[in-house]
Amino acid sequence: MKSIIVYYSYSGNTEKVAGILAEVLTGKGEVQQAELVCPDESKTFLGQCRRAISHKRGMIGPLNFNLGAYDLICLGTPVWAFGPAPAVNTFLDKCFGVEGKNIVLFTTYGSGAGRERCINYMQDILAKKGASKFRRFSIQQLKVNDKDFVISAAKEAL
Ligand SMILES: Cc1cc2nc3c(=O)[nH]c(=O)nc-3n(C[C@H](O)[C@H](O)[C@H](O)COP(=O)(O)O)c2cc1C
């Protein structure tokens with residue numbers, strides 16, 4: 001099985017979960033990780049919220065947006081103002097080759113406000129592009145260092 005884990009992480013929580021998910025998936029075949037870097041992201045909490053709440057698209061570097069080669073596509077984001085981070089919105093716009101694919105959507109979050117809305121937003125965009133099999137999990141920010149907890153949440157979603 002060939003998998004890719006695409007994620008954005010501003011302060012490292014989603015990156016930790018992506019790393020643990022990669023370990024879980026390594027036992028099942030080839031795994032690639034692709035971190036989305038967003039050079040035009042705001043550096044302030046309010047600026048980030050403002051951009052996220054209006055579903056702004058962030059700048060992301062040259063990437064392979066063709067996901068046709070992967071059996072499993074994982075996409076992770078921090079929940080920002082009830083939605084994905086702008087870098088992830090751009091990736092959702094640009095990616096293709098997801099028809100009939102298995103998708104795992106994951107988030108990390110603080111209070112939990114908007115975490116379902118965030119994942120639903122991602123799922124709707126990928127569903128419109130033809131993806132049909134979705135699994136999802138979310139990890140509260142205080143749990144990202146609890147490796148066993150993250151492994152069991154990831155395994156349950158897989
Ligand atoms: C700009 C901003 C907006 C946020 N909005 C939410 C939110 O709406 N709901 C929530 O549960 N957590 C929210 N959080 C908390 C983050 O989702 C949480 O800290 C996440 O783990 C950060 O992931 P990262 O370290 O990968 O960037 C927000 C954090 C930031 C910086």
# chains A, B, ... in the order shown; residues from 1 in each chain; ligands from 1
>>> select_by_dssp(residues="segment 78-137 of chain A", states="strand (DSSP E)", output="MDAnalysis selection string")
chainID A and resid 78 102:109 133:137
>>> residues_near_ligand(ligand="ligand 1", cutoff="7 Å", atoms="only C-alpha atoms and all ligand atoms", output="list in words")
Tyr8, Ser9, Tyr10, Ser11, Gly12, Asn13, Thr14, Glu15, Phe45, Leu46, Gln48, Cys49, Thr77, Pro78, Val79, Trp80, Ala81, Phe82, Gly83, Thr108, Tyr109, Gly110, Ser111, Gly112, Ala113, Gly114, Arg115, Gln140 and Gln141 of chain A
>>> closest_atom_pairs(of="segment 18-78 of chain A", to="segment 117-134 of chain A", cutoff="12 Å", atoms="only C-alpha atoms", output="JSON lines")
{"residue": "A:Ala52", "atom": "CA", "partner": "A:Cys118", "partner_atom": "CA", "distance": 10.4}
{"residue": "A:Ile53", "atom": "CA", "partner": "A:Cys118", "partner_atom": "CA", "distance": 10.5}
{"residue": "A:His55", "atom": "CA", "partner": "A:Tyr121", "partner_atom": "CA", "distance": 10.0}
{"residue": "A:Leu67", "atom": "CA", "partner": "A:Ala131", "partner_atom": "CA", "distance": 11.0}
{"residue": "A:Gly68", "atom": "CA", "partner": "A:Ala131", "partner_atom": "CA", "distance": 11.2}
{"residue": "A:Asp71", "atom": "CA", "partner": "A:Lys133", "partner_atom": "CA", "distance": 11.3}
{"residue": "A:Leu72", "atom": "CA", "partner": "A:Lys133", "partner_atom": "CA", "distance": 9.9}
{"residue": "A:Ile73", "atom": "CA", "partner": "A:Phe134", "partner_atom": "CA", "distance": 9.7}
{"residue": "A:Cys74", "atom": "CA", "partner": "A:Phe134", "partner_atom": "CA", "distance": 9.8}
{"residue": "A:Leu75", "atom": "CA", "partner": "A:Met122", "partner_atom": "CA", "distance": 8.8}
{"residue": "A:Gly76", "atom": "CA", "partner": "A:Ile119", "partner_atom": "CA", "distance": 9.3}
{"residue": "A:Thr77", "atom": "CA", "partner": "A:Cys118", "partner_atom": "CA", "distance": 8.9}
{"residue": "A:Pro78", "atom": "CA", "partner": "A:Cys118", "partner_atom": "CA", "distance": 9.1}
>>> atom_distance(atom1="atom CA of Pro86 of chain A", atom2="atom CA of Lys2 of chain A")
26.5 Å
>>> closest_residue(among="A:Val24, A:Lys56, A:Asn89, A:Ser3", to="Asp148 of chain A", atoms="only C-alpha atoms")
A:Val24
>>> closest_residue(among="A:Val17, A:Cys38, A:Ala22, A:Met1", to="Asn145 of chain A", atoms="only C-alpha atoms")
A:Val17
>>> residues_around(residues="Ile20 of chain A", least_positions_apart="3", cutoff="9 Å", atoms="only C-alpha atoms", output="MDAnalysis selection string")
chainID A and resid 15:17 23:25 147 150:151 154
>>> write_last_selection(atoms="C-alpha atoms", output="PDB file, in the first residue's frame")
ATOM      1  CA  GLU A  15       3.169  17.549  12.875  1.00  0.00           C
ATOM      2  CA  LYS A  16       3.546  15.234  15.898  1.00  0.00           C
ATOM      3  CA  VAL A  17       0.315  13.440  15.036  1.00  0.00           C
ATOM      4  CA  GLU A  23       4.865   5.162  12.058  1.00  0.00           C
ATOM      5  CA  VAL A  24       1.522   3.341  12.159  1.00  0.00           C
ATOM      6  CA  LEU A  25       1.302   3.269   8.364  1.00  0.00           C
ATOM      7  CA  LYS A 147       1.846   8.438  21.771  1.00  0.00           C
ATOM      8  CA  VAL A 150      -2.588   8.913  19.264  1.00  0.00           C
ATOM      9  CA  ILE A 151      -1.690   5.444  17.952  1.00  0.00           C
ATOM     10  CA  ALA A 154      -5.156   6.545  14.365  1.00  0.00           C
TER      11      ALA A 154
END
>>> residues_around(residues="segment 40-44 of chain A", least_positions_apart="6", cutoff="9 Å", atoms="only C-alpha atoms", output="ChimeraX atom specification")
/A:51,58-60,86-87
